[in-house]
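One structure is given below, encoded as structure tokens.
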Protein chains: 2
Amino acid sequence: MPNPDAPPTLYDLARESGVSLATASRVINGSERRVAEAYRQRVFAAAERIGYSANVSAQAVARGTSRLAALLVSDITDPFFAAVTAGVSRAAEAEGFLVTMSVTDRRSDREVELLRVIRGFRPRLVLVIGSRPVDEPTFELEKQLTELRRAGAGIVIVGHHRLPFASVRAGDAAGARDLAAAIVASGRQRVGILAGPAELSTAVARADGFRAGLADAGLEPILVVHGEFGRGGGYSAALDVTDSIDALLAVNDVMAIGALTALRERGIAVPSHVAVAGFDDIANAQDAVPPLSTVRIDLELLGERAVAVALAGNDETVEVLPVHTVLRASTGH
Amino acid sequence: MPNPDAPPTLYDLARESGVSLATASRVINGSERRVAEAYRQRVFAAAERIGYSANVSAQAVARGTSRLAALLVSDITDPFFAAVTAGVSRAAEAEGFLVTMSVTDRRSDREVELLRVIRGFRPRLVLVIGSRPVDEPTFELEKQLTELRRAGAGIVIVGHHRLPFASVRAGDAAGARDLAAAIVASGRQRVGILAGPAELSTAVARADGFRAGLADAGLEPILVVHGEFGRGGGYSAALDVTDSIDALLAVNDVMAIGALTALRERGIAVPSHVAVAGFDDIANAQDAVPPLSTVRIDLELLGERAVAVALAGNDETVEVLPVHTVLRASTGH
DNA sequence: CTGTTAGCGCCTTCAA
DNA sequence: TTGAAGGCGCTAACAG
């Protein structure tokens, strides 16, 4: 026996407003306004009366498409991803999309697994945020994305990668190079790099940028510490720092902030003894003590552009957003 | 002419594996395993071969339901919401749900609008995170949620509210009271409250809790400043603080951290001159300078419980999670 | 401009 | 167990 509380269907709507199914469909959803005004009114009134809401799933199967955007994020708790996600959300909603968000927890098996689930929903847009590992075989990932692509989805990877899909990212290498140059210009000579995970392509791009900036001044890093991309990675890396070092460049702000805490606990003064800088300019970089020098990325814009690029659906697109060095007290500026 | 790249359908699968549509359907999705092993193998093999992925929309219309959870958040950029969202995501994915996330930007018209869109997708779970305004008429909101409910969704509101749906929240009042008591016990007498928005019920509950804690010791707040719930709210509120005050209680950590920055800029020492405390124990509370005293809430658990409660579908449920005062250096502990 | 009528991809009785 | 057939809610020709 049918659920008496099942939502009203288009059929109910048509009956209630005394028009045909097709007419009701047209006024509720006809992009063309080829329905007499009188009918339109009646249908809308009836819809309001019975609380009609079109069944998107049914529309999706009839039309063969729906406005769903799927977002894959490593860790929504990281301010970087949160900010990008905010941009994605805003842009996607503005285009009438509902966005699904899944957390991969930085595990590529999760990623593949989630994409498999997502594929069932036939999303029109698929955004993968979070840099891909540099080495790890991405075969399964690419396979899922390719299937999605074939089903008509616009795919975009935010960050560095080697996959055959569009990408949007910030100018990591250039920004890192600039920042390093600024640090050197302020008189620091013995710099250490908190390089993050060696397999994360974004981390690598930034660390390489730092190196390039140093090389421009004829310098080399005194120390390169690898570790996790999060707060803890910065914290423990800073525990290894010897006092022969006078500047510490971290591949992201979260790590830099962790490092600041470790240095403070060790009684090492910032910036007088060692300068510290990060990357991203997340919201609380300015609340750090001392306020953190960093490379500003318009994170929300990054998300918005990702949506635009996915919407365009050209796999060849590579969009690189400009970045901007921000010097604050943590480097003595 | 049909899209040649349209994803394979169940029909294709059946043909490819030489069984009937019904059989293919059963092996792909039959909860009952009433299909001969040989057939199962063939169907699975064929599915792998042609890259079959069931069309969830079609399943949804045929079955009348699907595993979609809808999440509404005020601001994903706020560490509080980000952490709760992480919990929701984990729990929902574990139950096989895909979760949609929408950002309301703290505007109730957005909220209603988004719920209208969401309703079309017939989600099984609807989670609204972020405390509702205390006064604002919630008629339209309640109406949308009621429709969703009638369509079979499990609804849960995270935080304080007066809506007729299940809720999950932290023990705000009790936690605030405890924290205030601890501050008083450490010798502070002249305390100010950074109360956040006067219409936000969570903010109100916490501010009232602070007052109760003070009252227990026969005290009253010297100052109560209202302002926005974010970092800026704390920052500008702290600009108003006179030096007759020796403790500042903020209704959340983000505000407390903003206040710390303002106090530092004004040259007011923490905690020697004024103690500062927050609420939530967000991840970077320990990176604040000095490390922030606060009330710890297991934010991710909050999200996980929300999913569980929504799944249970009992509108009467009210779940209150325990909280735990954490005293750090910002209050001289 | 409106209504009739096939589908869309899938599930699920109902017989065989 | 398996298959044929009707139906889920909606859209899109196609006539009228």
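A note on labels: chains of the structure tokens are A, B, ... as shown, every chain counts residues from 1, and ligands are counted from 1 in their shown order.
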All residues 10 Å or closer to stretch 325-332 of chain B, only C-alpha atoms (C1' of nucleotides), same chain fewer than 4 positions away omitted, as a ChimeraX atom specification: /B:175-180,182-183,186,188,246-248,260,269-281,285-286,288-297
Can you spit out the residues from that selection as a CSV table (one decimal), in the first residue's frame, using C-alpha atoms?
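The resulting file, again_37.csv, is shown below:
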chain,number,residue,atom,x,y,z
B,175,GLY,CA,30.3,24.6,30.2
B,176,ALA,CA,30.2,28.4,30.3
B,177,ARG,CA,29.2,28.3,34.0
B,178,ASP,CA,32.1,26.1,34.8
B,179,LEU,CA,34.6,28.2,32.9
B,180,ALA,CA,33.4,31.3,34.6
B,182,ALA,CA,37.3,28.6,37.2
B,183,ILE,CA,38.1,32.2,36.2
B,186,SER,CA,41.7,32.1,40.0
B,188,ARG,CA,39.5,37.6,38.8
B,246,ASP,CA,40.7,41.8,34.6
B,247,ALA,CA,39.0,39.0,32.7
B,248,LEU,CA,37.4,38.6,29.3
B,260,LEU,CA,44.0,38.6,21.9
B,269,ALA,CA,49.2,42.1,28.8
B,270,VAL,CA,47.5,38.7,28.9
B,271,PRO,CA,47.1,37.1,31.3
B,272,SER,CA,48.9,39.4,33.8
B,273,HIS,CA,46.6,42.3,33.2
B,274,VAL,CA,43.6,40.6,31.8
B,275,ALA,CA,42.7,36.9,31.5
B,276,VAL,CA,41.1,35.8,28.2
B,277,ALA,CA,39.0,32.7,27.6
B,278,GLY,CA,37.0,31.3,24.7
B,279,PHE,CA,34.7,28.4,23.9
B,280,ASP,CA,34.9,25.4,21.6
B,281,ASP,CA,38.6,24.5,21.7
B,285,ALA,CA,43.3,27.5,20.3
B,286,GLN,CA,46.6,26.0,21.5
B,288,ALA,CA,47.2,31.2,20.3
B,289,VAL,CA,49.5,33.4,22.3
B,290,PRO,CA,49.2,32.8,25.1
B,291,PRO,CA,47.5,29.4,24.6
B,292,LEU,CA,43.8,29.9,25.1
B,293,SER,CA,41.7,28.6,28.0
B,294,THR,CA,38.4,27.4,26.7
B,295,VAL,CA,35.6,24.9,26.9
B,296,ARG,CA,36.3,21.8,24.9
B,297,ILE,CA,33.6,20.4,22.7
Please provide as a VMD selection string all residues within 12 Å of D:DC14, with the sequence filter that same-chain residues fewer than 2 positions apart are discarded (counting only C-alpha atoms (C1' of nucleotides)). (chain C and resid 3 to 6) or (chain D and resid 12 16)
May I have the residues from that selection written out with N, CA and C atoms (P, O5', C5', C4', C3', O3' and C1' of nucleotides), as a PDB file, in the first residue's frame?
ATOM      1  P    DG C   3      -4.407  21.182 -21.616  1.00  0.00           P
ATOM      2  O5'  DG C   3      -4.283  19.772 -22.330  1.00  0.00           O
ATOM      3  C5'  DG C   3      -5.244  19.405 -23.301  1.00  0.00           C
ATOM      4  C4'  DG C   3      -4.776  18.183 -24.066  1.00  0.00           C
ATOM      5  C3'  DG C   3      -4.485  16.953 -23.198  1.00  0.00           C
ATOM      6  O3'  DG C   3      -5.081  15.835 -23.837  1.00  0.00           O
ATOM      7  C1'  DG C   3      -2.645  17.401 -24.601  1.00  0.00           C
ATOM      8  P    DT C   4      -5.245  14.456 -23.073  1.00  0.00           P
ATOM      9  O5'  DT C   4      -4.675  13.440 -24.148  1.00  0.00           O
ATOM     10  C5'  DT C   4      -4.290  13.931 -25.424  1.00  0.00           C
ATOM     11  C4'  DT C   4      -3.550  12.844 -26.199  1.00  0.00           C
ATOM     12  C3'  DT C   4      -3.354  11.521 -25.462  1.00  0.00           C
ATOM     13  O3'  DT C   4      -3.338  10.483 -26.424  1.00  0.00           O
ATOM     14  C1'  DT C   4      -1.250  12.468 -25.883  1.00  0.00           C
ATOM     15  P    DT C   5      -3.149   8.976 -25.974  1.00  0.00           P
ATOM     16  O5'  DT C   5      -1.580   8.850 -26.129  1.00  0.00           O
ATOM     17  C5'  DT C   5      -0.962   9.212 -27.373  1.00  0.00           C
ATOM     18  C4'  DT C   5       0.517   8.898 -27.327  1.00  0.00           C
ATOM     19  C3'  DT C   5       0.863   7.609 -26.572  1.00  0.00           C
ATOM     20  O3'  DT C   5       1.876   6.940 -27.299  1.00  0.00           O
ATOM     21  C1'  DT C   5       2.118   9.368 -25.695  1.00  0.00           C
ATOM     22  P    DA C   6       1.865   5.383 -27.352  1.00  0.00           P
ATOM     23  O5'  DA C   6       3.342   5.071 -27.864  1.00  0.00           O
ATOM     24  C5'  DA C   6       4.338   5.060 -26.934  1.00  0.00           C
ATOM     25  C4'  DA C   6       5.529   5.881 -27.391  1.00  0.00           C
ATOM     26  C3'  DA C   6       6.813   5.238 -26.894  1.00  0.00           C
ATOM     27  O3'  DA C   6       7.871   5.441 -27.796  1.00  0.00           O
ATOM     28  C1'  DA C   6       6.460   7.316 -25.797  1.00  0.00           C
TER      29       DA C   6
ATOM     30  P    DA D  12      13.107  17.932 -21.815  1.00  0.00           P
ATOM     31  O5'  DA D  12      12.584  17.236 -23.141  1.00  0.00           O
ATOM     32  C5'  DA D  12      13.002  15.904 -23.418  1.00  0.00           C
ATOM     33  C4'  DA D  12      12.298  15.438 -24.664  1.00  0.00           C
ATOM     34  C3'  DA D  12      12.123  16.517 -25.726  1.00  0.00           C
ATOM     35  O3'  DA D  12      12.168  15.868 -26.999  1.00  0.00           O
ATOM     36  C1'  DA D  12      10.007  15.781 -25.056  1.00  0.00           C
ATOM     37  P    DG D  16      -3.349  14.195 -35.312  1.00  0.00           P
ATOM     38  O5'  DG D  16      -3.922  15.472 -34.552  1.00  0.00           O
ATOM     39  C5'  DG D  16      -4.777  15.288 -33.425  1.00  0.00           C
ATOM     40  C4'  DG D  16      -4.983  16.612 -32.729  1.00  0.00           C
ATOM     41  C3'  DG D  16      -5.934  17.570 -33.451  1.00  0.00           C
ATOM     42  O3'  DG D  16      -7.026  17.849 -32.568  1.00  0.00           O
ATOM     43  C1'  DG D  16      -4.028  18.700 -32.621  1.00  0.00           C
TER      44       DG D  16
END
When DSSP is applied to the backbone of this structure, which of stretch 215-292 of chain B are assigned helix (DSSP H, G or I)? Write them out as a PyMOL selection string. chain B and resi 215-216+231-239+253-266+283-287
Would you list which chain A residues are within 9 Å of chain B using only C-alpha atoms, as a PyMOL selection string? chain A and resi 5-7+51+53-61+70+75-86+89-90+93+96-103+114+116-122+147+150-152+231+257-258+260-261+283-284+286-289
Could you please tell me, as a PyMOL selection string, which residues of chain D have an atom within 8 Å of chain B when using only C-alpha atoms (C1' of nucleotides)? chain D and resi 1-3+8-9
Export N, CA and C atoms (P, O5', C5', C4', C3', O3' and C1' of nucleotides) of the chosen residues as an mmCIF file, in the first residue's frame?
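As written to disk, out-v3.cif reads:
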data_model
loop_
_atom_site.group_PDB
_atom_site.id
_atom_site.type_symbol
_atom_site.label_atom_id
_atom_site.label_comp_id
_atom_site.auth_asym_id
_atom_site.auth_seq_id
_atom_site.Cartn_x
_atom_site.Cartn_y
_atom_site.Cartn_z
ATOM 1 P P DT D 1 17.163 -20.235 -4.930
ATOM 2 O "O5'" DT D 1 16.925 -19.641 -6.368
ATOM 3 C "C5'" DT D 1 17.980 -19.052 -7.109
ATOM 4 C "C4'" DT D 1 17.739 -19.466 -8.535
ATOM 5 C "C3'" DT D 1 17.940 -18.319 -9.521
ATOM 6 O "O3'" DT D 1 18.697 -18.783 -10.626
ATOM 7 C "C1'" DT D 1 15.730 -19.188 -9.718
ATOM 8 P P DT D 2 19.310 -17.790 -11.629
ATOM 9 O "O5'" DT D 2 18.082 -17.393 -12.521
ATOM 10 C "C5'" DT D 2 17.824 -18.123 -13.709
ATOM 11 C "C4'" DT D 2 16.545 -17.628 -14.347
ATOM 12 C "C3'" DT D 2 16.647 -16.265 -15.014
ATOM 13 O "O3'" DT D 2 16.687 -16.479 -16.416
ATOM 14 C "C1'" DT D 2 14.566 -16.584 -13.874
ATOM 15 P P DG D 3 16.978 -15.190 -17.365
ATOM 16 O "O5'" DG D 3 15.515 -14.712 -17.732
ATOM 17 C "C5'" DG D 3 14.643 -15.635 -18.358
ATOM 18 C "C4'" DG D 3 13.264 -15.013 -18.530
ATOM 19 C "C3'" DG D 3 13.261 -13.639 -19.192
ATOM 20 O "O3'" DG D 3 12.178 -13.625 -20.111
ATOM 21 C "C1'" DG D 3 12.112 -13.527 -17.140
ATOM 22 P P DC D 8 3.049 4.089 -10.430
ATOM 23 O "O5'" DC D 8 4.428 4.722 -9.992
ATOM 24 C "C5'" DC D 8 5.189 4.157 -8.939
ATOM 25 C "C4'" DC D 8 6.532 4.855 -8.919
ATOM 26 C "C3'" DC D 8 6.414 6.311 -9.341
ATOM 27 O "O3'" DC D 8 6.459 7.132 -8.172
ATOM 28 C "C1'" DC D 8 8.243 5.186 -10.469
ATOM 29 P P DG D 9 5.453 8.330 -8.018
ATOM 30 O "O5'" DG D 9 6.200 9.478 -8.832
ATOM 31 C "C5'" DG D 9 7.449 9.958 -8.360
ATOM 32 C "C4'" DG D 9 8.050 10.860 -9.404
ATOM 33 C "C3'" DG D 9 7.131 11.986 -9.870
ATOM 34 O "O3'" DG D 9 7.833 13.216 -9.784
ATOM 35 C "C1'" DG D 9 7.956 10.778 -11.724
#
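Between atom CA of A:Leu219 and atom CA of A:Val251 lies a distance of 18.3 Å.
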Please return, as an mmCIF file with N, CA and C atoms (P, O5', C5', C4', C3', O3' and C1' of nucleotides), in the first residue's frame, all residues of chain C lying within 7 Å of chain A when only C-alpha atoms (C1' of nucleotides) are considered.
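Output contents, as saved in part30.cif:
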data_model
loop_
_atom_site.group_PDB
_atom_site.id
_atom_site.type_symbol
_atom_site.label_atom_id
_atom_site.label_comp_id
_atom_site.auth_asym_id
_atom_site.auth_seq_id
_atom_site.Cartn_x
_atom_site.Cartn_y
_atom_site.Cartn_z
ATOM 1 P P DC C 1 2.298 31.207 -27.255
ATOM 2 O "O5'" DC C 1 1.477 29.933 -26.748
ATOM 3 C "C5'" DC C 1 0.344 30.232 -25.954
ATOM 4 C "C4'" DC C 1 -0.622 29.084 -26.049
ATOM 5 C "C3'" DC C 1 -0.417 28.025 -24.952
ATOM 6 O "O3'" DC C 1 -1.686 27.797 -24.334
ATOM 7 C "C1'" DC C 1 -0.559 26.999 -27.083
ATOM 8 P P DT C 2 -1.781 27.127 -22.947
ATOM 9 O "O5'" DT C 2 -2.141 25.636 -23.311
ATOM 10 C "C5'" DT C 2 -3.455 25.338 -23.775
ATOM 11 C "C4'" DT C 2 -3.505 23.895 -24.227
ATOM 12 C "C3'" DT C 2 -3.173 22.878 -23.146
ATOM 13 O "O3'" DT C 2 -4.357 22.138 -22.889
ATOM 14 C "C1'" DT C 2 -2.156 22.330 -25.216
ATOM 15 P P DG C 3 -4.407 21.182 -21.616
ATOM 16 O "O5'" DG C 3 -4.283 19.772 -22.330
ATOM 17 C "C5'" DG C 3 -5.244 19.405 -23.301
ATOM 18 C "C4'" DG C 3 -4.776 18.183 -24.066
ATOM 19 C "C3'" DG C 3 -4.485 16.953 -23.198
ATOM 20 O "O3'" DG C 3 -5.081 15.835 -23.837
ATOM 21 C "C1'" DG C 3 -2.645 17.401 -24.601
ATOM 22 P P DC C 8 14.516 5.084 -24.191
ATOM 23 O "O5'" DC C 8 14.923 5.889 -22.878
ATOM 24 C "C5'" DC C 8 15.264 7.262 -22.931
ATOM 25 C "C4'" DC C 8 15.601 7.689 -21.514
ATOM 26 C "C3'" DC C 8 16.214 6.547 -20.713
ATOM 27 O "O3'" DC C 8 17.605 6.789 -20.559
ATOM 28 C "C1'" DC C 8 14.449 7.679 -19.505
ATOM 29 P P DG C 9 18.609 5.566 -20.732
ATOM 30 O "O5'" DG C 9 18.607 4.927 -19.278
ATOM 31 C "C5'" DG C 9 19.097 5.699 -18.184
ATOM 32 C "C4'" DG C 9 18.786 4.975 -16.895
ATOM 33 C "C3'" DG C 9 19.247 3.529 -16.870
ATOM 34 O "O3'" DG C 9 19.952 3.304 -15.658
ATOM 35 C "C1'" DG C 9 16.953 3.660 -16.326
#
Write out as JSON, numbers by chain all residues of stretch 133-309 of chain A that backbone DSSP assigns to strand (DSSP E). {"A": [154, 155, 156, 157, 158, 166, 167, 168, 169, 170, 191, 192, 193, 194, 195, 196, 223, 224, 225, 226, 247, 248, 249, 250, 275, 276, 277, 294, 295, 296]}
What gap, in Å, lies between atom CA of B:Gly233 and atom CA of A:Leu263? 29.4 Å
For stretch 161-173 of chain B, please output as a list in words all residues within 7 Å (counting only C-alpha atoms (C1' of nucleotides); exclusion window: fewer than 3 positions along the same chain).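 Here the answer would be Ser131, Arg132, Glu142, Ile155, Val156, Ile157, Val158, Ala176, Arg177, Ala205, Arg206, Asp208, Gly209, Ile297, Leu302, Ala306, Asn314, Asp315, Glu316, Thr317, Val318, Glu319, Val320, Leu321, Pro322 and Val323 of chain B.
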Quick check, in Å to one decimal: how far apart do atom CA of B:Ala24 and atom CA of B:Leu10 lie? 7.0 Å
Stretch 198-200 of chain A surroundings by only C-alpha atoms (C1' of nucleotides), 6 Å radius, close-in-sequence under 2 positions cut, as an MDAnalysis selection string: chainID A and resid 133:134 202:203
